[in-house]
Amino acid sequence: MMKSVGTKAMLMAGAAVLSLSTGGLAHAQSAAQEPVSTVADVIVTAQLRAQDPVEVPFALTAYSGQFLDDLGIQEFESAFVPGFLVQNQSPNNPGFVMRGITSDSGAATAEPRVSVFQDGVSISKSRGSYVELFDLERVEVAKGPQSTLYGRGALIGAVNLVQNRARPGQFDAEGRAEVGDYGYRAVEGFVNAPVGENAALRLATRMKTRDGSVENLLGGEDYNGIETKAVRLSGAWTPTDALRLDLIANYQTDDASGTSFKSIAYDPANPTTGAVLGGRAPWEGAALTPGAAFDGGKALGLDREVWGVTGLVKWTLSPSLTLNSTTAYRRFDSYETFDADGLSLPLLTAAEEAFGKQWSQEFRLNWDDGGRLSGFVGAGWFKEEGYQRTPTQFDERLALAQLSGVLDGSPTTVGRNTLPLAAYPAVATQVLQSMLTPLGAGALAVPIAGNLKSAHIEIPINSAELTSYDLFADLTFKATDRLEFAGGVRYTRDDKTTGYASSVANGRSIAGGLLAVLQGAVPPAQVPALLGGLANPNAVNLPASVLPLFGLTAQPTANNGAFVYADHDDDGFTWRLTARYALSDDASLYANYARGRRPEVLSVSGPSAPLAAPSFKVIEAETVDSFEVGAKAALMDGRLRLDGAVFHYAYDNFQTTVQEGTRFIVTNAGEASAYGFEGQVFWSANPNLDLFGTYGYNHSRFEAGLYDGNRFRLSPDHMASIGAIWRLPMAHGTVEVQPTYTWQSKVFFDDNNDIPALQTQNFVPDRVQDEYQDAYGLLNLRVRYAPTSGNWGVEAFGENLLDEEYVKDAGNTGDSLGLPTFIAGRPASFGVAFTVRY
């Protein structure tokens with residue numbers, strides 16, 4: 001059980017303010033600007049046309065880029081959107097969670113549930129979706145099924161990143177530098193330069209580095225550090241008032257130190273001597289030991305590159321007709337190595353190499369003549385190719401000790417200190433003696449133990465190709481000046497090819513052969529011959545015709561690594577119906593119904609025996625029927641913006657993942673449901689004080705199968721945030737104080753909720769329910785100063801000021817071996833920043 005760090009008093013104070021809130025949360029005025037007493041409008045395009053958020057008939061949060069800068073948000077990992085959070089294991093492994101639904105699988109075959117868009121282009125594949133948030137115009141988070149607006153991946157919502165584009169006719173520039181503890185350093189800025197009268201170029205960049213926050217007790221880089229470089233070059237050309245063309249190129253690299261996957265069952269120790277080096281808590285120092293020469297000598301950490309080019313054309317054909325074209329190419333390459341067992345011993349080292357590229361083209365024709373009818377029609381094409389390669393390396397002696405419950409050398413006191421690495425050959429021999437003697441083969445214990453490999457390597461690979469076609473349309477009918485109805489539909493067809501291959505890179509697994517015997521996978525008459533083969537001095541490399549080519553967790557495909565492919569076609573419709581009644585120009589009520597659909601998945605499981613064929617299974621399309629009722633208003637001459645919504649979801653064929661060895665496979669969990677409330681508020685109390693807050697309640701539960709009654713993973717029942725911007729005018733400038741507090745209730749990290757009875761099929765059953773995080777909150781503070789006349793400002797900031805100790809993930813790959821790992825969240829940190837604007 002993880003430490004409960006919620007702050008009840010602060011939550012209750014926040015909840016009093018958070019009964020309702022804003023959908024179009026505008027940016028706070030920077031200290032260099034004159035204070036204002038109204039909330040500035042943010043125009044959104046969530047319905048593919050420019051609107052005030054009050055006019056949008058579904059739950060929507062829109063933050064301006066300036067507001068995000070004021071909050072200090074540089075990455076997705078924040079909690080200022082009700083019903084939406086992002087779990088960040090590393091920049092390569094984010095989990096986007098919206099109203100209980102998580103989209104985070106790195107498999108090439110995976111279908112996203114929460115779409116992430118960058119300037120109208122889907123970047124939803126998990127390993128390419130985590131991008132730096134810099135030089136943004138705004139961010140829009142649309143809740144509920146949005147497939148008709150955003151496409152096939154928006155089962156439960158969409159995040160739309162709208163970047164600042166080049167602005168013809170003006171010169172603008174800004175630079176910012178930040179420094180802080182943990183070696184934090186960052187520089188960012190932009191330059192917008194006109195090119196003639198009707199064109200411009202804009203260059204924006206951010207470069208930052210931060211040392212790890214979990215100490216490496218064995219020396220070297222501390223864990224959870226980052227080094228990110230991101231750059232964007234955009235150009236705009238407006239040859240006529242009716243035509244605008246934009247070209248946007250993004251490039252980002254991430255070079256992160258190893259993630260602190262840490263076991264809390266064993267003390268971190270010196271692997272050679274066994275001497276204890278620190279405590280077991282996830283936020284204390286770790287002593288992680290990757291396998292020797294893993295996958296060509298890869299060290300723990302991440303090497304990731306993401307880039308893409310987008311072309312946008314907006315052509316006003318007439319006062320009522322506009323044609324939009326979006327053309328894009330995008331690519332990501334990443335390689336991340338991690339110590340999957342969390343121990344000081346090199347039991348299991350794993351990596352993920354992910355690659356993906358995509359091409360897309362969409363045309364959309366909008367019409368609005370100011371009459372009763374308006375809407376759009378469109379068509380799109382999307383092509384994607386990718387693969388996920390997951391090499392794993394085992395020390396079979398250590399694996400055998402763990403599978404037998406004697407990793408600490410004792411069959412009765414599991415969960416203490418590990419032994420020095422040199423002790424495990426003898427431990428393995430003792431384990432084999434106890435295993436083989438009942439089979440009448442005790443004499444083979446010594447030679448088989450001598451054949452156990454210190455580095456057994458398996459390499460499963462999954463691949464996917466997808467070609468998708470879309471047709472979509474949306475129509476809005478104004479029945480009266482106050483009442484309007486809208487409906488949309490999208491048809492999608494997918495052509496998919498799934499591939500799978502697996503190999504043992506350096507000969508068969510001796511431990512895998514032993515498991516086959518002990519699990520009854522070998523006919524009794526063949527057991528003596530098989531054990532004799534495993535005792536052969538050349539057992540690792542005997543021909544497959546003499547001894548099966550065993551893997552340990554992933555059996556090899558034919559010819560030790562041949563790809564096997566399967567094809568699948570899928571098509572389906574999604575739709576939405578909405579009604580909105582305008583109480584006034586600044587307030588409205590709405591209701592909507594939408595059908596969301598996650599396309600069918602062609603799931604693949606590895607061979608059940610060495611060199612056998614993998615199995616392919618079509619997982620039925622997951623569907624959700626969504627019902628939502630809400631209200632939005634901008635009151636007090638625009639000084640108060642608030643909205644609230646209640647929703648209910650009914651899922652069918654809910655797609656979840658189960659662990660197969662060290663891999664995760666998609667399966668159908670049947671029915672599920674969710675209901676809840678979300679609210680937001682922004683109040684400009686006076687020219688010198690703004691208050692804002694959010695609250696989300698989400699009750700998401702399974703209703704059938706093994707998980708009946710379980711919570712959805714990474715889904716807190718309650719989320720809340722509260723903040724203030726307090727301006728203190730001075731003789732020659734303004735000081736701005738901005739405290740914020742975010743809070744979330746208990747979460748589980750897996751759909752099985754770490755219930756022991758649901759993990760009996762693991763290699764080592766998990767008998768303790770401890771993989772969850774109790775409620776906790778984070779307090780941040782930023783203080784800015786800017787002179788009344790001048791183009792500069794200075795800021796001091798602190799994050800997690802109460803130094804709350806929490807974990808952001810638990811379980812992971814090591815869970816199948818009875819070694820769940822825990823990843824610590826960020827501790828308290830501090831820094832200062834200096835900004836210059838021209």
# chains A, B, ... in the order shown; residues from 1 in each chain; ligands from 1
>>> residues_around(residues="range 626-636 of chain A", least_positions_apart="5", cutoff="7 Å", atoms="only C-alpha atoms", output="PyMOL selection string")
chain A and resi 54+144+586-595+641-650
>>> closest_atom_pairs(of="range 33-142 of chain A", to="range 327-343 of chain A", cutoff="10 Å", atoms="only C-alpha atoms", output="CSV")
residue,atom,partner,partner_atom,distance
A:Ser90,CA,A:Glu336,CA,9.3
A:Pro91,CA,A:Ser334,CA,10.0
A:Asn92,CA,A:Ser334,CA,7.2
A:Asn93,CA,A:Glu336,CA,9.4
A:Gly120,CA,A:Ala328,CA,9.4
A:Val121,CA,A:Ala328,CA,6.9
A:Ser122,CA,A:Ala328,CA,9.3
A:Ile123,CA,A:Arg330,CA,8.1
A:Lys125,CA,A:Phe332,CA,9.5
A:Arg127,CA,A:Phe332,CA,7.4
A:Gly128,CA,A:Phe332,CA,5.7
A:Ser129,CA,A:Phe332,CA,9.3
>>> select_by_dssp(residues="range 453-576 of chain A", states="strand (DSSP E)", output="mmCIF file with N, CA and C atoms, in the first residue's frame")
data_model
loop_
_atom_site.group_PDB
_atom_site.id
_atom_site.type_symbol
_atom_site.label_atom_id
_atom_site.label_comp_id
_atom_site.auth_asym_id
_atom_site.auth_seq_id
_atom_site.Cartn_x
_atom_site.Cartn_y
_atom_site.Cartn_z
ATOM 1 N N HIS A 456 20.343 -14.991 -21.212
ATOM 2 C CA HIS A 456 19.482 -15.569 -22.245
ATOM 3 C C HIS A 456 18.670 -14.432 -22.867
ATOM 4 N N ILE A 457 18.666 -14.357 -24.213
ATOM 5 C CA ILE A 457 18.065 -13.223 -24.915
ATOM 6 C C ILE A 457 16.935 -13.700 -25.822
ATOM 7 N N GLU A 458 15.756 -13.068 -25.673
ATOM 8 C CA GLU A 458 14.601 -13.311 -26.531
ATOM 9 C C GLU A 458 14.182 -12.002 -27.180
ATOM 10 N N ILE A 459 13.725 -12.058 -28.437
ATOM 11 C CA ILE A 459 13.371 -10.830 -29.160
ATOM 12 C C ILE A 459 12.035 -11.009 -29.871
ATOM 13 N N PRO A 460 10.919 -10.700 -29.219
ATOM 14 C CA PRO A 460 9.630 -10.659 -29.914
ATOM 15 C C PRO A 460 9.485 -9.338 -30.683
ATOM 16 N N ILE A 461 8.810 -9.394 -31.818
ATOM 17 C CA ILE A 461 8.550 -8.209 -32.640
ATOM 18 C C ILE A 461 7.115 -8.276 -33.124
ATOM 19 N N ASN A 462 6.374 -7.181 -32.985
ATOM 20 C CA ASN A 462 5.069 -7.080 -33.629
ATOM 21 C C ASN A 462 5.090 -5.913 -34.605
ATOM 22 N N SER A 463 4.375 -6.061 -35.699
ATOM 23 C CA SER A 463 4.355 -5.020 -36.717
ATOM 24 C C SER A 463 2.934 -4.820 -37.214
ATOM 25 N N ALA A 464 2.691 -3.691 -37.838
ATOM 26 C CA ALA A 464 1.351 -3.394 -38.343
ATOM 27 C C ALA A 464 1.441 -2.428 -39.512
ATOM 28 N N GLU A 465 0.557 -2.645 -40.463
ATOM 29 C CA GLU A 465 0.326 -1.696 -41.546
ATOM 30 C C GLU A 465 -1.162 -1.401 -41.578
ATOM 31 N N LEU A 466 -1.497 -0.146 -41.740
ATOM 32 C CA LEU A 466 -2.892 0.279 -41.737
ATOM 33 C C LEU A 466 -3.125 1.291 -42.845
ATOM 34 N N THR A 467 -4.179 1.082 -43.613
ATOM 35 C CA THR A 467 -4.676 2.086 -44.545
ATOM 36 C C THR A 467 -6.135 2.329 -44.191
ATOM 37 N N SER A 468 -6.453 3.585 -43.918
ATOM 38 C CA SER A 468 -7.780 3.935 -43.444
ATOM 39 C C SER A 468 -8.375 5.027 -44.323
ATOM 40 N N TYR A 469 -9.688 4.920 -44.566
ATOM 41 C CA TYR A 469 -10.411 5.899 -45.363
ATOM 42 C C TYR A 469 -11.592 6.409 -44.550
ATOM 43 N N ASP A 470 -11.831 7.712 -44.622
ATOM 44 C CA ASP A 470 -12.920 8.329 -43.864
ATOM 45 C C ASP A 470 -13.808 9.168 -44.768
ATOM 46 N N LEU A 471 -15.098 9.129 -44.502
ATOM 47 C CA LEU A 471 -16.068 10.076 -45.045
ATOM 48 C C LEU A 471 -16.857 10.617 -43.865
ATOM 49 N N PHE A 472 -17.050 11.911 -43.801
ATOM 50 C CA PHE A 472 -17.722 12.479 -42.645
ATOM 51 C C PHE A 472 -18.517 13.718 -43.034
ATOM 52 N N ALA A 473 -19.514 14.005 -42.226
ATOM 53 C CA ALA A 473 -20.360 15.174 -42.461
ATOM 54 C C ALA A 473 -20.980 15.599 -41.145
ATOM 55 N N ASP A 474 -21.279 16.894 -41.032
ATOM 56 C CA ASP A 474 -21.892 17.432 -39.836
ATOM 57 C C ASP A 474 -22.809 18.587 -40.245
ATOM 58 N N LEU A 475 -24.000 18.623 -39.677
ATOM 59 C CA LEU A 475 -24.992 19.628 -40.049
ATOM 60 C C LEU A 475 -25.573 20.252 -38.793
ATOM 61 N N THR A 476 -25.673 21.585 -38.771
ATOM 62 C CA THR A 476 -26.296 22.324 -37.679
ATOM 63 C C THR A 476 -27.531 23.049 -38.205
ATOM 64 N N PHE A 477 -28.653 22.879 -37.522
ATOM 65 C CA PHE A 477 -29.909 23.502 -37.914
ATOM 66 C C PHE A 477 -30.381 24.419 -36.791
ATOM 67 N N LYS A 478 -30.546 25.700 -37.088
ATOM 68 C CA LYS A 478 -31.046 26.668 -36.122
ATOM 69 C C LYS A 478 -32.561 26.713 -36.234
ATOM 70 N N LEU A 483 -32.573 28.149 -30.308
ATOM 71 C CA LEU A 483 -32.525 26.699 -30.265
ATOM 72 C C LEU A 483 -31.898 26.149 -31.539
ATOM 73 N N GLU A 484 -30.880 25.289 -31.369
ATOM 74 C CA GLU A 484 -30.250 24.666 -32.529
ATOM 75 C C GLU A 484 -30.021 23.190 -32.260
ATOM 76 N N PHE A 485 -30.035 22.434 -33.347
ATOM 77 C CA PHE A 485 -29.770 21.000 -33.316
ATOM 78 C C PHE A 485 -28.624 20.706 -34.278
ATOM 79 N N ALA A 486 -27.835 19.704 -33.947
ATOM 80 C CA ALA A 486 -26.718 19.329 -34.814
ATOM 81 C C ALA A 486 -26.593 17.815 -34.839
ATOM 82 N N GLY A 487 -26.119 17.305 -35.939
ATOM 83 C CA GLY A 487 -25.873 15.892 -36.080
ATOM 84 C C GLY A 487 -24.672 15.658 -36.967
ATOM 85 N N GLY A 488 -23.906 14.639 -36.644
ATOM 86 C CA GLY A 488 -22.727 14.310 -37.438
ATOM 87 C C GLY A 488 -22.571 12.819 -37.570
ATOM 88 N N VAL A 489 -21.925 12.396 -38.639
ATOM 89 C CA VAL A 489 -21.689 10.978 -38.869
ATOM 90 C C VAL A 489 -20.340 10.814 -39.557
ATOM 91 N N ARG A 490 -19.669 9.724 -39.253
ATOM 92 C CA ARG A 490 -18.396 9.396 -39.909
ATOM 93 C C ARG A 490 -18.380 7.908 -40.230
ATOM 94 N N TYR A 491 -17.981 7.617 -41.460
ATOM 95 C CA TYR A 491 -17.780 6.232 -41.872
ATOM 96 C C TYR A 491 -16.286 6.011 -42.045
ATOM 97 N N THR A 492 -15.790 4.920 -41.467
ATOM 98 C CA THR A 492 -14.363 4.607 -41.531
ATOM 99 C C THR A 492 -14.175 3.169 -42.001
ATOM 100 N N ARG A 493 -13.244 2.994 -42.930
ATOM 101 C CA ARG A 493 -12.865 1.662 -43.365
ATOM 102 C C ARG A 493 -11.376 1.485 -43.146
ATOM 103 N N ASP A 494 -10.995 0.355 -42.539
ATOM 104 C CA ASP A 494 -9.599 0.059 -42.253
ATOM 105 C C ASP A 494 -9.177 -1.223 -42.958
ATOM 106 N N ASP A 495 -8.006 -1.187 -43.549
ATOM 107 C CA ASP A 495 -7.349 -2.383 -44.075
ATOM 108 C C ASP A 495 -6.071 -2.574 -43.270
ATOM 109 N N LYS A 496 -5.977 -3.720 -42.557
ATOM 110 C CA LYS A 496 -4.885 -3.924 -41.617
ATOM 111 C C LYS A 496 -4.101 -5.186 -41.950
ATOM 112 N N THR A 497 -2.800 -5.110 -41.681
ATOM 113 C CA THR A 497 -1.934 -6.285 -41.717
ATOM 114 C C THR A 497 -1.124 -6.315 -40.434
ATOM 115 N N THR A 498 -1.228 -7.414 -39.709
ATOM 116 C CA THR A 498 -0.494 -7.585 -38.458
ATOM 117 C C THR A 498 0.576 -8.652 -38.647
ATOM 118 N N GLY A 499 1.758 -8.377 -38.143
ATOM 119 C CA GLY A 499 2.854 -9.336 -38.235
ATOM 120 C C GLY A 499 3.439 -9.642 -36.872
ATOM 121 N N TYR A 500 4.019 -10.837 -36.763
ATOM 122 C CA TYR A 500 4.654 -11.224 -35.506
ATOM 123 C C TYR A 500 5.829 -12.143 -35.788
ATOM 124 N N ALA A 501 6.909 -11.932 -35.035
ATOM 125 C CA ALA A 501 8.081 -12.805 -35.087
ATOM 126 C C ALA A 501 8.718 -12.842 -33.713
ATOM 127 N N SER A 502 9.379 -13.947 -33.407
ATOM 128 C CA SER A 502 10.091 -14.049 -32.138
ATOM 129 C C SER A 502 11.285 -14.967 -32.325
ATOM 130 N N SER A 503 12.348 -14.639 -31.638
ATOM 131 C CA SER A 503 13.555 -15.456 -31.764
ATOM 132 C C SER A 503 14.281 -15.516 -30.434
ATOM 133 N N VAL A 504 15.076 -16.567 -30.275
ATOM 134 C CA VAL A 504 16.045 -16.627 -29.189
ATOM 135 C C VAL A 504 17.388 -16.309 -29.828
ATOM 136 N N VAL A 564 5.267 -13.966 -39.350
ATOM 137 C CA VAL A 564 3.982 -14.526 -39.763
ATOM 138 C C VAL A 564 2.988 -13.372 -39.810
ATOM 139 N N TYR A 565 2.212 -13.282 -40.895
ATOM 140 C CA TYR A 565 1.319 -12.143 -41.099
ATOM 141 C C TYR A 565 -0.130 -12.602 -41.214
ATOM 142 N N ALA A 566 -1.039 -11.695 -40.872
ATOM 143 C CA ALA A 566 -2.467 -11.917 -41.076
ATOM 144 C C ALA A 566 -3.101 -10.582 -41.469
ATOM 145 N N ASP A 567 -4.131 -10.658 -42.298
ATOM 146 C CA ASP A 567 -4.832 -9.463 -42.778
ATOM 147 C C ASP A 567 -6.215 -9.392 -42.158
ATOM 148 N N HIS A 568 -6.721 -8.171 -42.071
ATOM 149 C CA HIS A 568 -8.060 -7.984 -41.529
ATOM 150 C C HIS A 568 -8.632 -6.661 -42.043
ATOM 151 N N ASP A 569 -9.909 -6.688 -42.398
ATOM 152 C CA ASP A 569 -10.626 -5.487 -42.816
ATOM 153 C C ASP A 569 -11.687 -5.170 -41.775
ATOM 154 N N ASP A 570 -11.923 -3.881 -41.567
ATOM 155 C CA ASP A 570 -12.909 -3.456 -40.578
ATOM 156 C C ASP A 570 -13.533 -2.150 -41.055
ATOM 157 N N ASP A 571 -14.818 -1.991 -40.821
ATOM 158 C CA ASP A 571 -15.446 -0.711 -41.116
ATOM 159 C C ASP A 571 -16.562 -0.476 -40.120
ATOM 160 N N GLY A 572 -16.959 0.779 -39.989
ATOM 161 C CA GLY A 572 -18.008 1.099 -39.037
ATOM 162 C C GLY A 572 -18.363 2.566 -39.063
ATOM 163 N N PHE A 573 -19.488 2.871 -38.422
ATOM 164 C CA PHE A 573 -19.991 4.235 -38.341
ATOM 165 C C PHE A 573 -19.907 4.739 -36.902
ATOM 166 N N THR A 574 -19.682 6.018 -36.758
ATOM 167 C CA THR A 574 -19.862 6.719 -35.495
ATOM 168 C C THR A 574 -20.734 7.937 -35.767
ATOM 169 N N TRP A 575 -21.384 8.431 -34.714
ATOM 170 C CA TRP A 575 -22.285 9.557 -34.938
ATOM 171 C C TRP A 575 -22.475 10.344 -33.655
ATOM 172 N N ARG A 576 -23.083 11.510 -33.799
ATOM 173 C CA ARG A 576 -23.422 12.332 -32.645
ATOM 174 C C ARG A 576 -24.682 13.137 -32.948
#
>>> residues_around(residues="Ser454 in chain A", least_positions_apart="5", cutoff="8 Å", atoms="only C-alpha atoms", output="list in words")
Phe394, Asp395, Glu396 and Arg397 of chain A
>>> write_last_selection(atoms="N, CA, C and O atoms", output="PDB file, in the first residue's frame")
ATOM      1  N   PHE A 394      17.539 -12.403 -19.719  1.00  0.00           N
ATOM      2  CA  PHE A 394      17.387 -13.023 -18.407  1.00  0.00           C
ATOM      3  C   PHE A 394      18.707 -13.628 -17.948  1.00  0.00           C
ATOM      4  O   PHE A 394      19.434 -14.219 -18.744  1.00  0.00           O
ATOM      5  N   ASP A 395      18.971 -13.514 -16.670  1.00  0.00           N
ATOM      6  CA  ASP A 395      19.949 -14.378 -16.024  1.00  0.00           C
ATOM      7  C   ASP A 395      19.147 -15.564 -15.502  1.00  0.00           C
ATOM      8  O   ASP A 395      18.363 -15.441 -14.559  1.00  0.00           O
ATOM      9  N   GLU A 396      19.300 -16.726 -16.161  1.00  0.00           N
ATOM     10  CA  GLU A 396      18.452 -17.863 -15.844  1.00  0.00           C
ATOM     11  C   GLU A 396      18.654 -18.377 -14.426  1.00  0.00           C
ATOM     12  O   GLU A 396      17.727 -18.918 -13.813  1.00  0.00           O
ATOM     13  N   ARG A 397      19.832 -18.216 -13.878  1.00  0.00           N
ATOM     14  CA  ARG A 397      20.069 -18.656 -12.501  1.00  0.00           C
ATOM     15  C   ARG A 397      19.232 -17.822 -11.533  1.00  0.00           C
ATOM     16  O   ARG A 397      18.601 -18.343 -10.611  1.00  0.00           O
TER      17      ARG A 397
END
>>> closest_residue(among="A:Leu706, A:Val624, A:Ala441, A:Val309", to="Asn752 in chain A", atoms="only C-alpha atoms")
A:Leu706
>>> atom_distance(atom1="CA of Ala423 in chain A", atom2="CA of Leu345 in chain A")
11.6 Å
>>> residues_around(residues="range 519-525 of chain A", least_positions_apart="3", cutoff="12 Å", atoms="only C-alpha atoms", output="ChimeraX atom specification")
/A:435,439,512-516,528-531,548,550,608-610,761,763
